[in-house]
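Here's target_29.cif, which has mmCIF, C-alpha atoms:
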```
data_data
loop_
_atom_site.label_atom_id
_atom_site.label_comp_id
_atom_site.auth_asym_id
_atom_site.auth_seq_id
_atom_site.Cartn_x
_atom_site.Cartn_y
_atom_site.Cartn_z
CA MET A 15 29.10 27.02 29.29
CA ASN A 16 26.31 24.54 28.61
CA ILE A 17 23.28 25.90 26.79
CA THR A 18 19.98 24.11 27.40
CA PHE A 19 16.79 24.57 25.47
CA SER A 20 13.23 24.12 26.62
CA PRO A 21 11.20 21.32 24.99
CA LYS A 22 9.14 23.88 23.06
CA ARG A 23 12.25 25.58 21.73
CA LYS A 24 13.75 22.21 20.75
CA GLU A 25 10.56 21.41 18.88
CA ARG A 26 10.58 24.78 17.12
CA PHE A 27 14.23 24.45 16.05
CA SER A 28 13.67 20.86 14.88
CA LEU A 29 10.65 21.87 12.79
CA TRP A 30 12.56 24.81 11.29
CA GLY A 31 15.53 22.56 10.46
CA TYR A 32 13.28 19.92 8.89
CA THR A 33 11.47 22.57 6.82
CA LEU A 34 14.75 24.17 5.73
CA VAL A 35 15.96 20.82 4.39
CA LEU A 36 12.75 20.45 2.39
CA TRP A 37 13.11 23.94 0.89
CA ILE A 38 16.70 23.16 -0.09
CA LEU A 39 15.52 19.98 -1.83
CA LEU A 40 12.53 21.61 -3.54
CA PRO A 41 14.39 23.06 -6.58
CA PHE A 42 15.91 19.65 -7.31
CA LEU A 43 12.53 17.93 -6.94
CA PHE A 44 10.95 20.49 -9.27
CA LEU A 45 13.74 20.06 -11.85
CA HIS A 46 13.15 16.31 -11.71
CA PHE A 47 9.43 16.96 -12.29
CA CYS A 48 10.26 19.16 -15.31
CA TYR A 49 12.65 16.54 -16.71
CA GLN A 50 9.99 13.84 -16.48
CA PHE A 51 7.47 16.18 -18.09
CA LEU A 52 9.77 17.08 -20.99
CA THR A 53 10.77 13.46 -21.61
CA LYS A 54 7.11 12.43 -21.39
CA LYS A 55 7.81 10.04 -18.53
CA LEU A 56 5.29 11.79 -16.29
CA ALA A 57 1.69 10.59 -16.20
CA ASN A 58 -0.98 13.25 -15.65
CA PRO A 59 1.30 16.28 -15.14
CA LYS A 60 -1.69 18.55 -14.47
CA THR A 61 -2.47 16.59 -11.33
CA ARG A 62 1.10 15.66 -10.34
CA ILE A 63 1.87 19.40 -10.02
CA GLN A 64 -0.31 19.19 -6.90
CA ARG A 65 2.78 17.83 -5.14
CA PHE A 66 4.09 21.41 -5.30
CA GLY A 67 0.94 23.01 -3.92
CA PHE A 68 -0.62 24.08 -7.22
CA ASN A 69 -3.85 23.10 -8.96
CA LEU A 70 -5.13 21.46 -5.77
CA SER A 71 -8.36 19.52 -6.11
CA THR A 72 -10.46 19.00 -2.99
CA ALA A 73 -14.03 18.17 -2.04
CA VAL A 74 -16.33 20.88 -0.73
CA PRO A 75 -15.18 22.30 2.63
CA GLY A 76 -16.18 20.71 5.90
CA GLY A 77 -15.65 17.06 5.05
CA LEU A 78 -12.86 14.58 5.72
CA LEU A 79 -9.30 14.69 4.47
CA ILE A 80 -7.94 11.12 4.37
CA HIS A 81 -4.29 10.52 3.51
CA CYS A 82 -3.01 7.21 2.16
CA VAL A 83 0.52 6.67 0.90
CA SER A 84 -0.12 4.19 -1.88
CA VAL A 85 -2.11 1.12 -2.93
CA GLY A 86 -2.04 -0.85 0.33
CA GLU A 87 -3.17 2.08 2.45
CA VAL A 88 -5.95 2.96 0.00
CA VAL A 89 -7.26 -0.62 0.14
CA ALA A 90 -7.13 -0.58 3.96
CA ALA A 91 -8.87 2.80 4.18
CA ALA A 92 -11.61 1.61 1.83
CA ASN A 93 -13.20 -0.43 4.62
CA VAL A 94 -13.36 2.58 6.93
CA ILE A 95 -14.54 4.96 4.20
CA SER A 96 -17.36 2.58 3.25
CA ALA A 97 -18.43 2.29 6.89
CA ILE A 98 -18.37 6.07 7.39
CA ARG A 99 -20.37 6.55 4.20
CA LYS A 100 -23.07 4.17 5.46
CA ARG A 101 -23.52 6.42 8.51
CA HIS A 102 -22.98 9.73 6.70
CA PRO A 103 -23.75 9.16 3.01
CA ASN A 104 -23.27 12.79 2.00
CA ILE A 105 -20.02 13.55 3.82
CA PRO A 106 -17.46 15.09 1.41
CA ILE A 107 -14.17 13.18 1.28
CA THR A 108 -10.84 14.31 -0.11
CA LEU A 109 -8.40 11.42 -0.40
CA THR A 110 -4.71 12.23 -0.85
CA THR A 111 -1.92 9.93 -1.97
CA THR A 112 1.75 10.41 -2.77
CA THR A 113 2.05 7.84 -5.56
CA VAL A 114 0.51 7.35 -9.00
CA THR A 115 -0.40 3.76 -8.16
CA GLY A 116 -2.22 4.95 -5.04
CA ALA A 117 -4.16 7.50 -7.09
CA LYS A 118 -5.12 4.83 -9.62
CA GLN A 119 -6.30 2.51 -6.85
CA ALA A 120 -8.38 5.31 -5.28
CA ASN A 121 -10.04 6.11 -8.59
CA ASP A 122 -10.71 2.43 -9.30
CA LEU A 123 -12.28 1.81 -5.89
CA PHE A 124 -14.24 5.02 -5.37
CA LYS A 125 -14.78 6.43 -8.87
CA ASP A 126 -16.26 9.92 -8.50
CA THR A 127 -17.62 9.43 -4.95
CA ILE A 128 -14.45 10.95 -3.50
CA THR A 129 -12.09 13.70 -4.69
CA HIS A 130 -8.48 12.66 -5.17
CA CYS A 131 -5.54 15.02 -4.71
CA TYR A 132 -1.81 14.38 -4.51
CA LEU A 133 -0.48 15.38 -1.11
CA PRO A 134 1.81 18.42 -1.42
CA ILE A 135 5.38 18.25 -0.17
CA ASP A 136 5.38 18.82 3.58
CA THR A 137 6.23 22.51 3.85
CA GLY A 138 4.13 24.83 6.01
CA TRP A 139 3.19 26.98 2.99
CA MET A 140 1.92 24.05 0.90
CA MET A 141 0.05 22.47 3.79
CA ARG A 142 -1.64 25.78 4.60
CA ARG A 143 -2.84 25.99 0.98
CA LEU A 144 -4.26 22.46 1.14
CA LEU A 145 -5.98 22.95 4.49
CA LYS A 146 -7.39 26.35 3.49
CA ARG A 147 -8.91 24.87 0.35
CA ALA A 148 -10.22 21.62 1.87
CA ALA A 149 -11.15 23.11 5.29
CA PRO A 150 -11.63 19.58 6.69
CA SER A 151 -13.51 18.87 9.89
CA GLN A 152 -11.09 16.02 10.53
CA VAL A 153 -7.88 14.63 9.03
CA ILE A 154 -7.31 10.87 8.99
CA ILE A 155 -3.92 9.36 8.17
CA THR A 156 -3.73 5.68 7.25
CA GLU A 157 -0.97 3.51 8.71
CA VAL A 158 2.40 5.18 8.61
CA GLU A 159 3.01 8.62 7.04
CA LEU A 160 3.34 11.27 9.74
CA TRP A 161 4.29 14.64 8.22
CA PRO A 162 5.43 17.21 10.82
CA ASN A 163 4.23 20.36 9.04
CA MET A 164 0.92 18.81 8.06
CA ILE A 165 0.19 17.82 11.65
CA HIS A 166 1.47 21.13 13.03
CA GLN A 167 -0.71 23.20 10.67
CA CYS A 168 -3.77 21.10 11.58
CA TRP A 169 -2.98 21.58 15.28
CA ARG A 170 -2.76 25.36 14.82
CA ARG A 171 -6.21 25.33 13.19
CA ASP A 172 -7.80 23.00 15.77
CA ILE A 173 -8.38 20.35 13.12
CA PRO A 174 -8.25 16.92 14.81
CA VAL A 175 -5.78 14.50 13.23
CA SER A 176 -6.03 10.75 13.78
CA VAL A 177 -3.87 7.86 12.58
CA ILE A 178 -5.84 4.71 11.79
CA ASN A 179 -4.42 1.21 11.39
CA ALA A 180 -1.29 2.82 12.80
CA ARG A 181 1.84 0.81 12.07
CA MET A 182 5.14 1.27 13.90
CA THR A 183 7.77 -1.35 13.14
CA ASP A 184 10.71 -1.86 15.46
CA ARG A 185 12.98 -0.39 12.80
CA SER A 186 10.80 2.73 12.45
CA ALA A 187 10.62 3.13 16.22
CA ARG A 188 14.42 3.18 16.42
CA THR A 189 14.60 5.76 13.63
CA TYR A 190 11.96 8.03 15.18
CA GLY A 191 13.68 7.67 18.55
CA LYS A 192 16.79 9.28 17.05
CA ILE A 193 14.79 12.35 15.97
CA SER A 194 12.59 12.52 19.08
CA ALA A 195 12.75 16.34 19.21
CA LEU A 196 10.85 16.40 15.91
CA PHE A 197 8.75 13.27 16.24
CA VAL A 198 7.52 13.17 19.85
CA PRO A 199 5.80 16.61 19.75
CA MET A 200 3.78 15.33 16.77
CA LEU A 201 2.36 12.54 18.92
CA HIS A 202 0.98 15.11 21.35
CA LYS A 203 -0.79 16.94 18.50
CA LEU A 204 -2.73 13.84 17.41
CA SER A 205 -6.30 13.21 18.54
CA LYS A 206 -6.18 9.42 18.20
CA ILE A 207 -3.63 6.77 17.32
CA CYS A 208 -5.46 3.56 16.43
CA ALA A 209 -2.75 0.88 16.62
CA GLN A 210 -3.13 -2.14 14.34
CA GLY A 211 -1.41 -4.57 16.71
CA GLU A 212 0.32 -5.12 20.03
CA ARG A 213 3.76 -4.43 18.55
CA ASP A 214 2.61 -1.11 17.12
CA PHE A 215 0.81 -0.13 20.34
CA SER A 216 3.94 -0.86 22.39
CA ASN A 217 6.25 1.04 20.06
CA TYR A 218 4.02 4.12 20.06
CA GLN A 219 3.81 3.88 23.83
CA MET A 220 7.60 3.64 24.08
CA LEU A 221 7.98 6.74 21.89
CA GLY A 222 5.80 8.77 24.25
CA ALA A 223 2.29 8.71 22.78
CA PRO A 224 -0.21 10.00 25.40
CA SER A 225 -2.26 7.23 27.01
CA ASN A 226 -5.55 9.02 26.29
CA THR A 227 -4.64 9.17 22.58
CA LEU A 228 -3.36 5.66 21.98
CA VAL A 229 -5.86 2.84 21.49
CA LEU A 230 -5.53 -0.74 20.22
CA THR A 231 -8.17 -1.24 17.53
CA ASN A 232 -6.50 -4.15 15.69
CA ASN A 233 -5.95 -4.36 11.97
CA ILE A 234 -8.67 -3.13 9.62
CA LYS A 235 -7.03 -5.11 6.83
CA TYR A 236 -8.47 -8.25 8.43
CA GLU A 237 -11.83 -7.03 7.20
CA GLN A 238 -10.69 -7.55 3.64
CA PRO A 239 -13.84 -8.39 1.72
CA ALA A 240 -13.78 -10.54 -1.37
CA ARG A 241 -15.36 -8.05 -3.75
CA PRO A 242 -18.12 -9.67 -5.84
CA GLU A 243 -17.09 -7.63 -8.88
CA ALA A 244 -13.60 -9.12 -8.64
CA HIS A 245 -15.00 -12.55 -9.49
CA HIS A 246 -16.76 -11.09 -12.55
CA GLN A 247 -13.57 -9.28 -13.61
CA ALA A 248 -11.60 -12.51 -13.10
CA GLU A 249 -13.99 -14.44 -15.31
CA ASP A 250 -13.82 -11.79 -18.05
CA PHE A 251 -10.01 -11.72 -17.87
CA ALA A 252 -9.74 -15.51 -18.02
CA ASN A 253 -12.10 -15.74 -20.99
CA ALA A 254 -10.32 -12.94 -22.83
CA PHE A 255 -6.97 -14.73 -22.63
CA GLY A 256 -8.33 -18.28 -22.90
CA ILE A 257 -6.91 -19.38 -19.54
CA SER A 258 -10.03 -20.26 -17.58
CA LYS A 259 -9.24 -23.99 -17.45
CA ARG A 260 -5.56 -23.64 -16.49
CA PRO A 261 -3.99 -23.79 -12.99
CA ILE A 262 -2.88 -20.20 -12.34
CA ILE A 263 -0.15 -19.07 -9.97
CA VAL A 264 -0.35 -15.31 -9.35
CA ALA A 265 2.74 -13.42 -8.19
CA GLY A 266 1.41 -10.11 -6.91
CA SER A 267 3.24 -6.84 -6.20
CA THR A 268 6.64 -8.21 -7.16
CA HIS A 269 9.99 -6.41 -6.86
CA ALA A 270 13.44 -7.23 -8.25
CA PRO A 271 14.83 -9.91 -8.04
CA GLU A 272 11.62 -11.82 -7.30
CA GLU A 273 10.61 -12.22 -10.95
CA LYS A 274 13.86 -14.05 -11.77
CA VAL A 275 13.41 -16.38 -8.80
CA LEU A 276 9.81 -17.13 -9.76
CA LEU A 277 10.69 -17.77 -13.40
CA VAL A 278 13.40 -20.27 -12.42
CA ALA A 279 10.91 -22.08 -10.20
CA HIS A 280 8.21 -22.01 -12.88
CA GLN A 281 10.52 -23.62 -15.44
CA ARG A 282 10.80 -26.63 -13.13
CA VAL A 283 7.06 -26.63 -12.33
CA LEU A 284 6.31 -26.87 -16.07
CA ASP A 285 8.26 -30.12 -16.31
CA GLN A 286 5.60 -31.81 -14.17
CA HIS A 287 2.61 -29.54 -14.86
CA PRO A 288 2.99 -28.19 -18.40
CA ASN A 289 -0.42 -26.52 -18.29
CA ALA A 290 0.46 -24.29 -15.30
CA LEU A 291 0.46 -20.54 -15.94
CA LEU A 292 2.51 -17.99 -14.00
CA VAL A 293 0.90 -14.54 -13.85
CA ILE A 294 3.29 -11.79 -12.74
CA VAL A 295 1.99 -8.42 -11.50
CA PRO A 296 4.91 -6.05 -10.73
CA ARG A 297 4.39 -3.58 -7.90
CA HIS A 298 5.53 -0.50 -9.83
CA PRO A 299 4.47 0.37 -13.40
CA GLN A 300 7.87 1.85 -14.25
CA ARG A 301 9.26 -1.71 -14.08
CA PHE A 302 6.83 -3.22 -16.59
CA ASN A 303 9.27 -3.07 -19.54
CA ASP A 304 12.20 -4.34 -17.48
CA VAL A 305 10.17 -7.27 -16.18
CA TYR A 306 9.08 -8.14 -19.71
CA GLN A 307 12.73 -8.29 -20.76
CA ILE A 308 13.45 -10.58 -17.78
CA CYS A 309 10.57 -12.85 -18.80
CA GLN A 310 11.79 -13.05 -22.39
CA ALA A 311 15.35 -13.76 -21.27
CA SER A 312 14.06 -16.75 -19.27
CA GLY A 313 13.22 -18.56 -22.50
CA LEU A 314 9.59 -19.06 -21.46
CA ASN A 315 6.72 -18.10 -23.72
CA CYS A 316 5.53 -14.77 -22.29
CA ILE A 317 2.83 -12.29 -23.31
CA ARG A 318 1.82 -8.89 -21.89
CA SER A 319 -1.76 -8.25 -20.89
CA SER A 320 -1.64 -4.78 -22.47
CA ASP A 321 -1.13 -6.41 -25.87
CA GLY A 322 -4.65 -7.79 -25.56
CA SER A 323 -6.00 -11.25 -26.19
CA GLN A 324 -5.78 -10.86 -29.96
CA ASN A 325 -2.01 -10.27 -30.01
CA GLY A 326 -0.96 -12.81 -27.43
CA GLY A 327 -0.55 -15.77 -29.80
CA ASP A 328 -1.77 -19.25 -28.92
CA PRO A 329 -3.09 -19.03 -25.30
CA ASP A 330 -2.37 -22.74 -24.73
CA LYS A 331 1.33 -22.13 -25.40
CA THR A 332 1.61 -19.13 -23.07
CA GLN A 333 3.67 -20.01 -20.01
CA VAL A 334 3.96 -16.57 -18.39
CA LEU A 335 1.46 -13.72 -18.47
CA LEU A 336 2.86 -10.33 -17.47
CA VAL A 337 0.07 -8.04 -16.27
CA ASP A 338 1.39 -4.60 -17.15
CA GLU A 339 -1.81 -2.76 -16.18
CA MET A 340 -2.88 -1.31 -12.86
CA GLY A 341 -5.96 -2.23 -10.83
CA LYS A 342 -6.14 -5.90 -11.81
CA LEU A 343 -4.55 -7.64 -8.83
CA GLN A 344 -7.64 -8.43 -6.73
CA ALA A 345 -9.40 -9.91 -9.76
CA LEU A 346 -6.32 -12.02 -10.46
CA TYR A 347 -6.22 -13.30 -6.88
CA ALA A 348 -9.83 -14.38 -7.42
CA LEU A 349 -8.59 -16.32 -10.45
CA ALA A 350 -5.56 -17.88 -8.76
CA ILE A 351 -5.17 -21.26 -7.11
CA ILE A 352 -1.79 -20.28 -5.56
CA ALA A 353 -0.45 -16.81 -4.74
CA PHE A 354 3.01 -15.40 -4.11
CA VAL A 355 2.93 -12.03 -2.32
CA GLY A 356 5.85 -9.84 -3.32
CA GLY A 357 8.20 -7.55 -1.48
CA SER A 358 9.07 -10.51 0.73
CA ILE A 359 12.00 -12.20 -0.99
CA ALA A 360 13.07 -8.68 -1.91
CA ASP A 361 13.67 -6.84 1.35
CA ARG A 362 10.57 -4.60 1.19
CA GLY A 363 8.69 -5.90 4.22
CA GLY A 364 6.06 -7.85 2.30
CA HIS A 365 2.77 -6.62 0.84
CA ASN A 366 -0.79 -7.47 1.80
CA ALA A 367 -1.17 -11.23 2.32
CA LEU A 368 -4.82 -10.83 3.26
CA GLU A 369 -5.84 -10.00 -0.32
CA PRO A 370 -5.32 -13.57 -1.58
CA ALA A 371 -6.61 -14.96 1.73
CA ALA A 372 -9.95 -13.26 1.07
CA TYR A 373 -10.30 -15.43 -2.05
CA GLU A 374 -9.29 -18.67 -0.28
CA VAL A 375 -5.93 -18.82 -2.02
CA PRO A 376 -2.90 -20.39 -0.25
CA ILE A 377 -0.02 -17.95 0.14
CA LEU A 378 3.73 -18.07 -0.45
CA MET A 379 5.95 -15.31 0.94
CA GLY A 380 9.65 -14.74 1.46
CA PRO A 381 11.29 -14.11 4.85
CA HIS A 382 10.89 -10.31 4.81
CA ARG A 383 7.42 -9.79 6.28
CA TYR A 384 8.04 -7.02 8.80
CA ASN A 385 5.40 -4.64 7.42
CA ASN A 386 2.64 -6.83 8.85
CA PRO A 387 4.36 -9.39 11.10
CA ALA A 388 1.36 -10.17 13.29
CA ILE A 389 -0.89 -10.87 10.31
CA CYS A 390 1.72 -13.04 8.60
CA GLN A 391 2.43 -14.91 11.82
CA VAL A 392 -1.23 -15.77 12.31
CA LEU A 393 -1.59 -16.85 8.67
CA ALA A 394 1.51 -19.04 8.99
CA GLU A 395 0.43 -20.58 12.31
CA LYS A 396 -2.97 -21.50 10.87
CA GLY A 397 -1.47 -23.08 7.76
CA ALA A 398 -2.49 -20.43 5.23
CA LEU A 399 0.96 -18.92 4.56
CA PHE A 400 4.22 -20.71 3.83
CA GLU A 401 7.70 -19.22 3.74
CA VAL A 402 9.86 -19.60 0.63
CA ASN A 403 13.40 -18.30 0.38
CA ASN A 404 14.43 -19.44 -3.09
CA ALA A 405 13.32 -21.01 -6.37
CA GLU A 406 13.73 -24.55 -5.06
CA GLN A 407 11.30 -23.99 -2.18
CA ILE A 408 8.77 -22.28 -4.48
CA TYR A 409 8.98 -25.23 -6.87
CA GLN A 410 8.52 -27.78 -4.08
CA LEU A 411 5.39 -26.12 -2.63
CA VAL A 412 3.77 -25.24 -5.95
CA THR A 413 4.15 -28.77 -7.32
CA ALA A 414 2.91 -30.25 -4.04
CA TRP A 415 -0.24 -28.11 -4.17
CA LEU A 416 -0.80 -28.74 -7.87
CA THR A 417 -0.61 -32.45 -7.15
CA ASP A 418 -2.68 -32.43 -3.94
CA GLU A 419 -5.83 -30.39 -4.48
CA SER A 420 -7.16 -31.24 -1.00
CA ALA A 421 -4.08 -29.81 0.76
CA ARG A 422 -4.21 -26.72 -1.42
CA LYS A 423 -7.86 -26.04 -0.66
CA HIS A 424 -7.31 -26.65 3.06
CA ALA A 425 -4.58 -23.97 3.11
CA GLY A 426 -6.81 -21.53 1.23
CA GLN A 427 -9.76 -22.08 3.54
CA ALA A 428 -7.51 -21.52 6.58
CA GLY A 429 -6.80 -17.99 5.38
CA LYS A 430 -10.47 -17.23 4.83
CA CYS A 431 -11.30 -18.47 8.33
CA ILE A 432 -8.74 -16.09 9.85
CA LEU A 433 -10.46 -13.13 8.19
CA GLN A 434 -13.83 -14.24 9.51
CA GLU A 435 -12.46 -14.70 13.05
CA ASN A 436 -10.88 -11.23 13.18
CA ASN A 437 -13.81 -8.97 12.42
CA GLY A 438 -14.36 -5.88 14.55
CA ALA A 439 -11.38 -3.60 13.79
CA VAL A 440 -13.41 -1.27 11.58
CA ASN A 441 -16.08 -0.72 14.24
CA ALA A 442 -13.40 -0.13 16.89
CA THR A 443 -11.76 2.43 14.60
CA LEU A 444 -15.06 4.20 13.92
CA LYS A 445 -15.70 4.39 17.65
CA ALA A 446 -12.27 5.94 18.25
CA LEU A 447 -12.92 8.50 15.50
CA GLY A 448 -16.33 9.40 16.89
CA PHE A 449 -18.41 7.87 14.07
CA ALA A 450 -19.81 4.87 15.95
#
```

Do you think you could lay out the structure here as structure tokens?
Amino acid sequence: MNITFSPKRKERFSLWGYTLVLWILLPFLFLHFCYQFLTKKLANPKTRIQRFGFNLSTAVPGGLLIHCVSVGEVVAAANVISAIRKRHPNIPITLTTTTVTGAKQANDLFKDTITHCYLPIDTGWMMRRLLKRAAPSQVIITEVELWPNMIHQCWRRDIPVSVINARMTDRSARTYGKISALFVPMLHKLSKICAQGERDFSNYQMLGAPSNTLVLTNNIKYEQPARPEAHHQAEDFANAFGISKRPIIVAGSTHAPEEKVLLVAHQRVLDQHPNALLVIVPRHPQRFNDVYQICQASGLNCIRSSDGSQNGGDPDKTQVLLVDEMGKLQALYALAIIAFVGGSIADRGGHNALEPAAYEVPILMGPHRYNNPAICQVLAEKGALFEVNNAEQIYQLVTAWLTDESARKHAGQAGKCILQENNGAVNATLKALGFA
């Protein structure tokens, strides 16, 4: 005998199963939290406990709850938050993240104008606690994280949930298609899905997003302003380390094994341009010590930014500067003449190439750029982004640009022009959210 279930029952069973798995994992996650706390590997334990639904910190009720996964989403959301604040200067905003780096970026960008809270693990009980405390008039999710219980609890309370700059890679679409009983009902509980590109729009459409919910707003990351304070921070940083007159190559948001590849290339660059400086900014702070060991093993003269300008030795002899501090990357892009954007030789999908483009810096990236393929394609077509697969290709392009200043500046200006030509995504997003 075949037993069939109605769509609503399938949804209910899928949500129960998903929640059961989370509850089974919770003790292990909490033990890991305790281990990190006892070994002092956990930063800010009083706030990190928010991941378990305790000690929640939210703005006054009635405002916005905006969720960003980590650094990239916080930077993207900043454009929308600033635009909303211009229209509604007193609106309370609670911004949630799931990572320490995202929290640091939020605090650096917004200071005390927003309230930061770590997003609790996605159980119904924890999400009810968060929503009861924040009592938001609207929930806005940036880019990619769709949590079933969070969306379901908002739907039960008639709190509209929108996804802005919504990203749906082909790989993610295939994954969500396999768990359609859990995923597709979520799409029908969303108020708006603001797709960042044609690919994302099509994939959401294929997965069953309602036509009255799905809208193509384009990518708000294109409106990536070059922050004036970044230039001041860049100048201060350069003066502190005595590097203001040196050609600087910044490798931002790097993952293993990208540092090793870059160091091999830089050794060859130094043969022709001994004054060149490689600045490495790892994506994750827990890798700072490991990356420093890699730099030392390369045989190049390396210093850490956290040691300060007084302990770095002779600045003219420094060949590699490891920036083991958070919140410095945009200022460093303002200081760079060439940028490598990480997570692209490593298979991580590539990080935000528009950040260096905003400062007219030519861009190198590896082949793995699936997080933002449309953006990277446009940058490449216009001559602002160049693909590198290994140390040899990095060496060839870096030395060519160090030799030919005109070609280097032309590539940098091409990226800036793309940003200027693609304005409008923020206004389209505000209109979809009802703030226009």

Problem set entry | Residues selected by the PyMOL selection byres ((chain A and resi 143-156) around 8), written as number ranges by chain | A: 67, 70, 72-83, 87, 90-91, 108, 134, 139-142, 157-160, 168, 173-180

Deliver the residues from the most recent selection as a file, using C-alpha atoms, as a PDB file, keeping the file's coordinate frame.
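So part_37.pdb came out as:
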```pdb
ATOM      1  CA  GLY A  67       0.940  23.010  -3.920  1.00  0.00           C
ATOM      2  CA  LEU A  70      -5.130  21.460  -5.770  1.00  0.00           C
ATOM      3  CA  THR A  72     -10.460  19.000  -2.990  1.00  0.00           C
ATOM      4  CA  ALA A  73     -14.030  18.170  -2.040  1.00  0.00           C
ATOM      5  CA  VAL A  74     -16.330  20.880  -0.730  1.00  0.00           C
ATOM      6  CA  PRO A  75     -15.180  22.300   2.630  1.00  0.00           C
ATOM      7  CA  GLY A  76     -16.180  20.710   5.900  1.00  0.00           C
ATOM      8  CA  GLY A  77     -15.650  17.060   5.050  1.00  0.00           C
ATOM      9  CA  LEU A  78     -12.860  14.580   5.720  1.00  0.00           C
ATOM     10  CA  LEU A  79      -9.300  14.690   4.470  1.00  0.00           C
ATOM     11  CA  ILE A  80      -7.940  11.120   4.370  1.00  0.00           C
ATOM     12  CA  HIS A  81      -4.290  10.520   3.510  1.00  0.00           C
ATOM     13  CA  CYS A  82      -3.010   7.210   2.160  1.00  0.00           C
ATOM     14  CA  VAL A  83       0.520   6.670   0.900  1.00  0.00           C
ATOM     15  CA  GLU A  87      -3.170   2.080   2.450  1.00  0.00           C
ATOM     16  CA  ALA A  90      -7.130  -0.580   3.960  1.00  0.00           C
ATOM     17  CA  ALA A  91      -8.870   2.800   4.180  1.00  0.00           C
ATOM     18  CA  THR A 108     -10.840  14.310  -0.110  1.00  0.00           C
ATOM     19  CA  PRO A 134       1.810  18.420  -1.420  1.00  0.00           C
ATOM     20  CA  TRP A 139       3.190  26.980   2.990  1.00  0.00           C
ATOM     21  CA  MET A 140       1.920  24.050   0.900  1.00  0.00           C
ATOM     22  CA  MET A 141       0.050  22.470   3.790  1.00  0.00           C
ATOM     23  CA  ARG A 142      -1.640  25.780   4.600  1.00  0.00           C
ATOM     24  CA  GLU A 157      -0.970   3.510   8.710  1.00  0.00           C
ATOM     25  CA  VAL A 158       2.400   5.180   8.610  1.00  0.00           C
ATOM     26  CA  GLU A 159       3.010   8.620   7.040  1.00  0.00           C
ATOM     27  CA  LEU A 160       3.340  11.270   9.740  1.00  0.00           C
ATOM     28  CA  CYS A 168      -3.770  21.100  11.580  1.00  0.00           C
ATOM     29  CA  ILE A 173      -8.380  20.350  13.120  1.00  0.00           C
ATOM     30  CA  PRO A 174      -8.250  16.920  14.810  1.00  0.00           C
ATOM     31  CA  VAL A 175      -5.780  14.500  13.230  1.00  0.00           C
ATOM     32  CA  SER A 176      -6.030  10.750  13.780  1.00  0.00           C
ATOM     33  CA  VAL A 177      -3.870   7.860  12.580  1.00  0.00           C
ATOM     34  CA  ILE A 178      -5.840   4.710  11.790  1.00  0.00           C
ATOM     35  CA  ASN A 179      -4.420   1.210  11.390  1.00  0.00           C
ATOM     36  CA  ALA A 180      -1.290   2.820  12.800  1.00  0.00           C
TER      37      ALA A 180
END
```

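Within the file as shown, the PyMOL selection byres ((chain A and resi 313) around 12) identifies Lys274, Leu277, Val278, His280, Gln281, Tyr306, Gln307, Ile308, Cys309, Gln310, Ala311, Ser312, Leu314, Asn315, Cys316, Thr332, Gln333 and Val334 of chain A.
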
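What separates CA of Glu401 (chain A) from CA of Val293 (chain A) is a distance of 19.4 Å.
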
Restrict the calculation to all atoms listed in the file, then for each residue of region 274-391 of chain A with any atom at most 7 Å from an atom of region 246-256 of chain A give the closest atom pair and their distance in Å to one decimal, rows by chain and rising residue number, as JSON lines.
```
{"residue": "A:Ser323", "atom": "CA", "partner": "A:Phe255", "partner_atom": "CA", "distance": 5.1}
{"residue": "A:Pro329", "atom": "CA", "partner": "A:Gly256", "partner_atom": "CA", "distance": 5.8}
{"residue": "A:Ala345", "atom": "CA", "partner": "A:Ala248", "partner_atom": "CA", "distance": 4.8}
{"residue": "A:Leu346", "atom": "CA", "partner": "A:Ala248", "partner_atom": "CA", "distance": 5.9}
{"residue": "A:Ala348", "atom": "CA", "partner": "A:Ala248", "partner_atom": "CA", "distance": 6.2}
{"residue": "A:Leu349", "atom": "CA", "partner": "A:Ala248", "partner_atom": "CA", "distance": 5.5}
```

Please, could you write that set of residues out with C-alpha atoms as a PDB file, keeping the file's coordinate frame?
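Everything below was put into part03.pdb:
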```
ATOM      1  CA  SER A 323      -6.000 -11.250 -26.190  1.00  0.00           C
ATOM      2  CA  PRO A 329      -3.090 -19.030 -25.300  1.00  0.00           C
ATOM      3  CA  ALA A 345      -9.400  -9.910  -9.760  1.00  0.00           C
ATOM      4  CA  LEU A 346      -6.320 -12.020 -10.460  1.00  0.00           C
ATOM      5  CA  ALA A 348      -9.830 -14.380  -7.420  1.00  0.00           C
ATOM      6  CA  LEU A 349      -8.590 -16.320 -10.450  1.00  0.00           C
TER       7      LEU A 349
END
```

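Ranking A:Ile432, A:Val375, A:Gly138, A:Ile207 by their shortest atom-to-atom distance to Arg170 (chain A), with all atoms listed in the file included, puts A:Gly138 first.
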
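Applied to this file, the PyMOL selection byres ((chain A and resi 44-51) around 12) selects the residues A:Leu36, A:Trp37, A:Ile38, A:Leu39, A:Leu40, A:Pro41, A:Phe42, A:Leu43, A:Leu52, A:Thr53, A:Lys54, A:Lys55, A:Leu56, A:Ala57, A:Asn58, A:Pro59, A:Lys60, A:Thr61, A:Arg62, A:Ile63, A:Gln64, A:Arg65, A:Phe66, A:Gly67, A:Ile135.
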
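Among the candidate residues A:Pro103, A:Gly116, A:Gly322, A:Pro271, the one lying nearest to Gly356 (chain A) is A:Pro271, with distances computed using all atoms listed in the file.
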
Seminar exercise, completed: With distances taken over all atoms listed in the file, the candidate from A:Leu368, A:Phe68, A:Tyr409, A:Met182 nearest Ala209 (chain A) is A:Met182
